[in-house]
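Participant: So here's structure.txt (compact mmCIF, C-alpha atoms and all ligand atoms).
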# COMPACT_ATOMS: atom_id res chain seq x y z
CA MET A 251 -60.14 87.86 17.74
CA ASP A 252 -63.19 86.12 19.20
CA TYR A 253 -64.19 82.95 17.45
CA PRO A 254 -67.52 81.14 17.70
CA SER A 255 -67.50 78.01 19.85
CA PHE A 256 -67.66 75.75 16.77
CA ALA A 257 -64.21 77.06 15.78
CA TYR A 258 -62.66 74.92 18.53
CA ALA A 259 -61.87 71.20 18.37
CA PRO A 260 -62.71 69.08 21.45
CA ASN A 261 -59.11 69.55 22.70
CA GLY A 262 -59.66 73.33 22.82
CA GLU A 263 -57.47 74.16 19.83
CA LEU A 264 -58.77 75.94 16.76
CA TRP A 265 -59.60 73.33 14.09
CA TRP A 266 -57.36 75.01 11.52
CA LYS A 267 -54.38 74.99 13.88
CA LEU A 268 -54.45 71.19 14.23
CA THR A 269 -51.67 69.33 12.51
CA ARG A 270 -52.83 65.80 13.47
CA THR A 271 -56.32 64.32 13.39
CA PRO A 272 -57.53 64.17 17.02
CA GLY A 273 -56.71 60.74 18.43
CA LYS A 274 -54.86 59.63 15.29
CA GLU A 275 -51.42 59.71 13.75
CA SER A 276 -52.57 61.04 10.39
CA ALA A 277 -52.30 64.69 9.32
CA TYR A 278 -55.46 66.71 9.80
CA GLY A 279 -56.87 67.35 6.32
CA ASP A 280 -56.48 70.78 4.73
CA GLU A 281 -60.04 70.77 3.39
CA ARG A 282 -61.32 70.41 6.94
CA LYS A 283 -59.01 73.16 8.16
CA ILE A 284 -60.07 75.52 5.36
CA ALA A 285 -63.76 74.80 6.00
CA ALA A 286 -63.35 75.49 9.72
CA TYR A 287 -61.35 78.66 9.13
CA LEU A 288 -63.80 80.10 6.59
CA ALA A 289 -66.92 79.17 8.58
CA SER A 290 -65.44 80.74 11.74
CA THR A 291 -64.03 83.95 10.27
CA LYS A 292 -66.04 84.80 7.12
CA LYS A 293 -69.58 85.61 6.18
CA VAL A 294 -71.25 85.22 2.80
CA GLY A 295 -69.77 87.74 0.36
CA ASP A 296 -66.36 87.89 2.08
CA LEU A 297 -63.13 87.24 0.20
CA VAL A 298 -60.25 84.96 1.07
CA THR A 299 -56.84 84.64 -0.57
CA THR A 300 -54.57 81.63 -0.79
CA ARG A 301 -51.94 83.72 0.96
CA GLU A 302 -54.26 84.28 3.93
CA LEU A 303 -54.94 80.54 4.12
CA ARG A 304 -51.23 79.77 4.02
CA GLU A 305 -50.63 82.16 6.89
CA GLN A 306 -53.55 80.96 8.99
CA LEU A 307 -53.63 77.19 8.52
CA ALA A 308 -51.32 75.00 10.55
CA PRO A 309 -48.70 73.68 8.14
CA ASN A 310 -49.53 70.26 6.79
CA PRO A 311 -46.73 67.82 7.71
CA GLU A 312 -47.44 65.76 4.59
CA THR A 313 -48.12 68.31 1.86
CA PRO A 314 -46.60 71.76 1.37
CA ASN A 315 -49.26 74.49 1.38
CA THR A 316 -48.48 75.76 -2.10
CA ASN A 317 -50.95 77.98 -3.95
CA GLU A 318 -51.89 75.11 -6.25
CA HIS A 319 -52.50 72.77 -3.35
CA LEU A 320 -54.70 75.29 -1.51
CA GLN A 321 -56.62 76.11 -4.69
CA ARG A 322 -57.35 72.42 -5.23
CA ARG A 323 -58.53 72.02 -1.63
CA LEU A 324 -60.77 75.09 -1.94
CA ARG A 325 -62.24 73.72 -5.17
CA SER A 326 -62.99 70.33 -3.65
CA LEU A 327 -65.06 71.98 -0.89
CA ARG A 328 -67.42 73.20 -3.57
CA GLY A 329 -70.14 70.90 -4.72
CA GLU A 330 -72.50 68.30 -3.42
CA ARG A 331 -70.44 66.69 -0.71
CA ASP A 332 -69.67 69.73 1.43
CA GLY A 333 -72.10 72.24 -0.08
CA TRP A 334 -69.81 75.27 -0.24
CA LEU A 335 -70.17 77.84 -3.00
CA ILE A 336 -66.84 79.56 -3.55
CA ALA A 337 -66.38 81.82 -6.57
CA SER A 338 -63.01 82.19 -8.26
CA LYS A 339 -61.86 84.44 -11.09
CA LYS A 340 -63.22 81.80 -13.47
CA ASP A 341 -66.74 82.33 -12.11
CA ASP A 342 -66.54 86.09 -11.65
CA ARG A 343 -64.03 88.01 -13.74
CA SER A 344 -64.14 90.99 -11.39
CA LEU A 345 -62.28 88.96 -8.74
CA PRO A 346 -58.53 89.63 -8.58
CA PRO A 347 -56.17 86.65 -9.03
CA GLU A 348 -55.84 84.39 -5.97
CA HIS A 349 -59.01 85.88 -4.47
CA TYR A 350 -62.01 83.72 -3.70
CA ARG A 351 -65.46 84.86 -2.64
CA ILE A 352 -67.58 82.85 -0.20
CA ASP A 353 -71.09 82.62 -1.67
CA LYS A 354 -72.41 79.90 0.58
CA ILE A 355 -71.06 78.34 3.75
CA GLY A 356 -71.22 74.55 3.75
CA TRP A 357 -70.05 71.73 5.98
CA HIS A 358 -67.29 72.45 8.51
CA PRO A 359 -65.84 70.36 11.39
CA GLY A 360 -67.89 72.20 14.04
CA LEU A 361 -71.01 70.58 12.54
CA GLY A 362 -69.83 67.02 13.26
CA ASP A 363 -68.92 64.21 10.89
CA ARG A 364 -68.17 65.16 7.32
CA PRO A 365 -70.73 63.85 4.79
CA PRO A 366 -69.58 60.61 3.14
CA ASN A 367 -67.67 60.89 -0.11
CA ARG A 368 -69.91 60.20 -3.06
CA GLN A 369 -68.13 57.60 -5.07
CA VAL A 370 -69.03 56.92 -8.63
CA VAL A 371 -70.73 53.71 -9.61
CA SER A 372 -68.35 51.60 -11.72
CA ALA A 373 -69.14 50.99 -15.39
CA LYS A 374 -69.43 47.27 -14.69
CA THR A 375 -72.00 47.76 -11.90
CA ARG A 376 -74.00 50.17 -14.08
CA ALA A 377 -74.15 47.62 -16.90
CA LEU A 378 -75.26 44.86 -14.49
CA VAL A 379 -78.04 47.04 -13.04
CA LEU A 380 -79.29 48.07 -16.49
CA THR A 381 -79.40 44.44 -17.65
CA ARG A 382 -81.12 43.27 -14.47
CA ASP A 383 -83.82 45.93 -14.88
CA GLY A 384 -84.26 45.30 -18.61
CA SER A 385 -83.11 48.89 -19.35
CA ARG A 386 -86.43 50.13 -18.08
CA CYS A 387 -87.01 52.98 -15.63
CA GLN A 388 -87.97 51.42 -12.30
CA VAL A 389 -89.81 54.59 -11.29
CA CYS A 390 -92.10 55.42 -14.23
CA GLY A 391 -91.72 52.27 -16.34
CA VAL A 392 -90.51 53.86 -19.60
CA GLY A 393 -88.02 51.75 -21.61
CA ASP A 394 -84.66 52.91 -22.96
CA GLY A 395 -85.13 54.94 -26.15
CA GLU A 396 -88.93 54.89 -25.90
CA PRO A 397 -90.88 58.14 -26.21
CA TYR A 398 -92.62 59.32 -23.03
CA PRO A 399 -96.37 58.67 -23.25
CA GLU A 400 -97.13 62.25 -22.16
CA ASN A 401 -94.44 63.87 -24.32
CA SER A 402 -93.61 61.86 -27.43
CA ASP A 403 -90.95 64.38 -28.53
CA ARG A 404 -88.67 63.31 -25.72
CA LYS A 405 -87.07 59.88 -25.82
CA ALA A 406 -86.12 58.27 -22.54
CA VAL A 407 -82.44 57.93 -21.66
CA MET A 408 -81.53 55.51 -18.86
CA THR A 409 -79.25 56.20 -15.96
CA VAL A 410 -78.51 54.38 -12.70
CA GLY A 411 -79.78 55.96 -9.48
CA HIS A 412 -79.71 55.20 -5.75
CA ILE A 413 -82.76 53.80 -3.95
CA ILE A 414 -81.55 55.23 -0.62
CA SER A 415 -79.67 58.38 -1.60
CA GLN A 416 -76.03 58.74 -0.65
CA HIS A 417 -77.10 61.77 1.34
CA PHE A 418 -78.84 59.36 3.74
CA GLY A 419 -75.97 56.89 3.74
CA GLY A 420 -77.09 54.67 0.84
CA GLY A 421 -74.25 52.69 -0.76
CA ASN A 422 -73.14 51.87 -4.28
CA ASP A 423 -73.98 48.17 -4.04
CA ARG A 424 -76.31 46.67 -6.62
CA GLY A 425 -79.05 46.19 -4.05
CA ASN A 426 -79.25 49.96 -3.60
CA LEU A 427 -79.14 50.81 -7.30
CA ARG A 428 -81.85 50.81 -9.91
CA THR A 429 -82.39 51.91 -13.48
CA GLU A 430 -84.02 55.34 -13.71
CA CYS A 431 -84.79 57.45 -16.75
CA ALA A 432 -83.11 60.86 -16.79
CA LEU A 433 -86.43 62.59 -16.03
CA CYS A 434 -87.25 60.51 -12.94
CA ASN A 435 -83.61 60.70 -11.80
CA GLU A 436 -83.76 64.52 -11.89
CA GLN A 437 -87.00 64.50 -9.90
CA MET A 438 -85.63 62.11 -7.30
CA ARG A 439 -82.60 64.34 -6.91
CA SER A 440 -84.54 67.55 -6.45
CA GLU A 441 -87.05 65.87 -4.14
CA GLY A 442 -84.16 64.42 -2.16
CA THR A 443 -83.05 67.86 -1.08
CA LYS A 444 -86.25 68.70 0.81
CA PRO A 445 -87.62 65.55 2.39
CA GLU A 446 -91.30 65.49 3.22
CA SER A 447 -92.57 64.57 6.64
CA VAL A 448 -93.56 60.96 7.21
CA GLU A 449 -97.03 62.13 8.30
CA GLU A 450 -97.66 63.78 4.91
CA VAL A 451 -96.50 60.71 3.03
CA TRP A 452 -98.46 58.34 5.27
CA SER A 453 -101.66 60.27 4.69
CA ALA A 454 -101.08 59.87 0.92
CA VAL A 455 -100.53 56.13 1.48
CA ARG A 456 -103.80 55.87 3.42
CA SER A 457 -105.76 57.38 0.56
CA LEU A 458 -104.67 54.68 -1.95
CA SER A 459 -107.01 51.91 -3.06
CA THR A 460 -106.44 48.38 -1.74
CA PRO A 461 -105.01 47.05 -5.05
CA ASN A 462 -102.58 49.99 -5.09
CA LEU A 463 -101.65 49.38 -1.45
CA ARG A 464 -100.76 45.79 -2.41
CA ARG A 465 -98.59 46.97 -5.30
CA LEU A 466 -96.91 49.57 -3.10
CA ASN A 467 -96.22 46.89 -0.51
CA GLU A 468 -94.61 44.71 -3.18
CA TRP A 469 -92.45 47.56 -4.47
CA LEU A 470 -91.25 48.41 -0.98
CA ALA A 471 -90.51 44.74 -0.28
CA GLN A 472 -88.47 44.44 -3.49
CA GLY A 473 -86.78 47.81 -3.01
CA ARG A 474 -87.84 48.91 -6.49
CA ARG A 475 -90.86 49.26 -8.64
CA THR A 476 -91.96 45.92 -10.03
CA ARG A 477 -94.00 45.65 -13.21
CA ASP A 478 -97.29 43.87 -13.09
CA ALA A 479 -99.60 42.47 -15.79
CA LEU A 480 -101.10 45.94 -16.31
CA ASP A 481 -97.69 47.51 -17.07
CA GLU A 482 -96.77 44.66 -19.40
CA THR A 483 -100.08 44.93 -21.26
CA TYR A 484 -99.68 48.69 -21.61
CA ASP A 485 -96.21 48.19 -23.15
CA ARG A 486 -97.53 45.55 -25.55
CA ILE A 487 -100.29 47.90 -26.69
CA ARG A 488 -97.79 50.73 -27.24
CA LYS A 489 -95.64 48.47 -29.37
CA LEU A 490 -98.53 47.72 -31.78
CA ARG A 491 -98.83 49.53 -35.10
CA PRO A 492 -100.58 52.91 -34.57
CA ASP A 493 -103.85 51.79 -36.21
CA ASP A 494 -103.90 48.66 -34.04
CA THR A 495 -103.25 50.78 -30.92
CA ALA A 496 -106.19 52.98 -31.92
CA ARG A 497 -108.36 49.89 -32.30
CA VAL A 498 -107.48 48.56 -28.84
CA LYS A 499 -108.20 52.02 -27.42
CA GLN A 500 -111.62 52.07 -29.07
CA ASP A 501 -112.51 48.51 -28.02
CA LEU A 502 -111.45 49.20 -24.45
CA ALA A 503 -113.65 52.29 -24.27
CA LYS A 504 -116.54 50.20 -25.60
CA LEU A 505 -115.80 47.48 -23.04
CA LEU A 506 -116.04 50.08 -20.29
CA GLY A 507 -119.22 51.53 -21.76
CA LEU A 508 -117.56 54.90 -22.47
CA GLY A 509 -118.14 57.09 -25.51
CA PRO A 510 -115.24 57.61 -27.96
CA ASN A 511 -114.37 60.95 -26.35
CA ASP A 512 -114.65 60.02 -22.67
ZN ZN B 601 -88.76 57.32 -15.38
For this file, produce the structure as structure tokens.

Facilitator:
Amino acid sequence: MDYPSFAYAPNGELWWKLTRTPGKESAYGDERKIAAYLASTKKVGDLVTTRELREQLAPNPETPNTNEHLQRRLRSLRGERDGWLIASKKDDRSLPPEHYRIDKIGWHPGLGDRPPNRQVVSAKTRALVLTRDGSRCQVCGVGDGEPYPENSDRKAVMTVGHIISQHFGGGNDRGNLRTECALCNEQMRSEGTKPESVEEVWSAVRSLSTPNLRRLNEWLAQGRRTRDALDETYDRIRKLRPDDTARVKQDLAKLLGLGPND
């Protein structure tokens, strides 16, 4: 069989026939071998069985290639880190036992270094970040349990997010973490998958007013959104009794010379 060039390790061997990590004593990982084997021999829609993997992969000197072991390794290729989509009988009942369907090809050794493992932020670090940020979303400014100004039916729930995403090598240290509400966290995640060009973003920066440029500069310097007198005043107004809020709203409109409906 002819394999694509990415099927071969730098020493000329097929990746999935390696028993040792090139240049090291340690066993070459089965997840890496499976990823290389599938990427080199399958296309989307193809099936693979654990039996086939056991026959094809070089035996692991440290772990026996049992069905359970291979199933676990296949499962851990799925998901954010490596990006594979592999369906099992649990996902598609028409699949026979021990058969897996490749729905999306993800990372494999021929592509270079494996993406870093996304570790979870410890409960202690999360609590420290939430306290530091006053349990307030550092992106949109909403506080924990507060209703969103634009949608009062939904109350904000806080989570801890990465300033530089793990995808770009950001760590789990407190300096790279900030409090985000669930809504902003979702947006950051989905935006993170298709980064914009720096030219597009820079042209948006150039169109900001000078006071906004100063605020933006401060946020970038601090690594998170800081709250200024305007944010604080807005929060204080929202915490007033509803009739008092209405009064401030009216007086402000008057101050600006606007009609009640402007
Ligand atoms: Zn938010």

Participant: So, counting only C-alpha atoms and all ligand atoms, which residue among A:Asn310, A:Gln388, A:Ser457, A:Asn426 is closest to ligand ZN 601 (chain B)?

Facilitator: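 Smallest distance to ligand ZN 601 (chain B) is found for A:Gln388.
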
Participant: What residues of the protein or nucleic acid chains come within 8 Å of ligand ZN 601 (chain B) when you use only C-alpha atoms and all ligand atoms? Reply as an NGL selection string.

Facilitator: :A and (387-392 or 406 or 430-435)

Participant: Scan for residues within 7 Å of the point (-64.0, 79.5, 12.4) in the coordinates of the file, using all atoms listed in the file, and reply as a PyMOL selection string.

Facilitator: chain A and resi 253-254+256-257+286-291

Participant: To one decimal place, how far is CA of Glu396 in chain A from CA of Asn422 in chain A in Å?

Facilitator: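 Pair CA of Glu396 in chain A / CA of Asn422 in chain A returns 26.9 Å.
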
Participant: Near range 470-487 of chain A, counting only C-alpha atoms, which residues have an atom at most 8 Å away, once you skip same-chain residues fewer than 2 positions from it, shown as JSON, numbers by chain?

Facilitator: {"A": [388, 389, 391, 413, 425, 426, 428, 466, 467, 468, 489, 490, 495, 498]}

Participant: List the neighbours of range 368-382 of chain A out to 8 Å using all atoms listed in the file; skip same-chain residues closer than 3 positions along the sequence, and give me the result as a list in words.

Facilitator: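 These residues fall inside the cut-off: Arg331, Ser385, Arg386, Val410, Gln416, Asn422, Arg424, Leu427, Arg428 and Thr429 of chain A.
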
Participant: What does the distance from CA of Arg301 in chain A to CA of Pro346 in chain A come to in Å, to one decimal?

Facilitator: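 Spanning CA of Arg301 in chain A to CA of Pro346 in chain A is a straight-line distance of 13.0 Å.
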
Participant: Quick one: pull the distance between CA of Arg270 in chain A and CA of Pro311 in chain A, Å, one decimal.

Facilitator: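 Value for the CA of Arg270 in chain A-CA of Pro311 in chain A distance: 8.6 Å.
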
Participant: Determine the nearest neighbour of Trp265 in chain A from the options A:Gly411, A:Gly295, A:Pro359, A:Pro366, counting only C-alpha atoms.

Facilitator: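 Of the candidates, the smallest distance to Trp265 in chain A is held by A:Pro359.
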
Participant: Could you check the closest approach to Trp357 in chain A for each of A:Leu508, A:Ile336, A:Met408, A:Ala285 and tell me which residue wins, using all atoms listed in the file?

Facilitator: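 Under the stated criterion, the closest residue is A:Ala285.
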
Participant: Let me make sure I understand: among A:Asn367, A:Thr299, A:Ser459, A:Asn401, which one has the smallest atom-to-atom distance to Ile352 in chain A if we use all atoms listed in the file?

Facilitator: A:Thr299

Participant: Please provide as a ChimeraX atom specification all residues within 12 Å of Leu345 in chain A, with the sequence filter that same-chain residues fewer than 3 positions apart are discarded (counting all atoms listed in the file).

Facilitator: /A:295-299,336-342,348-352

Participant: With 5 Å of padding per side, what axis-aligned box (centre and edge lengths, Å, one decimal) covers all the listed atoms of range 354-359 of chain A? Give it as lines of an AutoDock Vina configuration file.

Facilitator:
center_x = -69.1
center_y = 75.1
center_z = 6.0
size_x = 16.6
size_y = 19.5
size_z = 20.8

Participant: Could you check which of A:Gly395, A:Val448, A:Val294, A:Gly362 is closest to Pro260 in chain A, using all atoms listed in the file?

Facilitator: A:Gly362
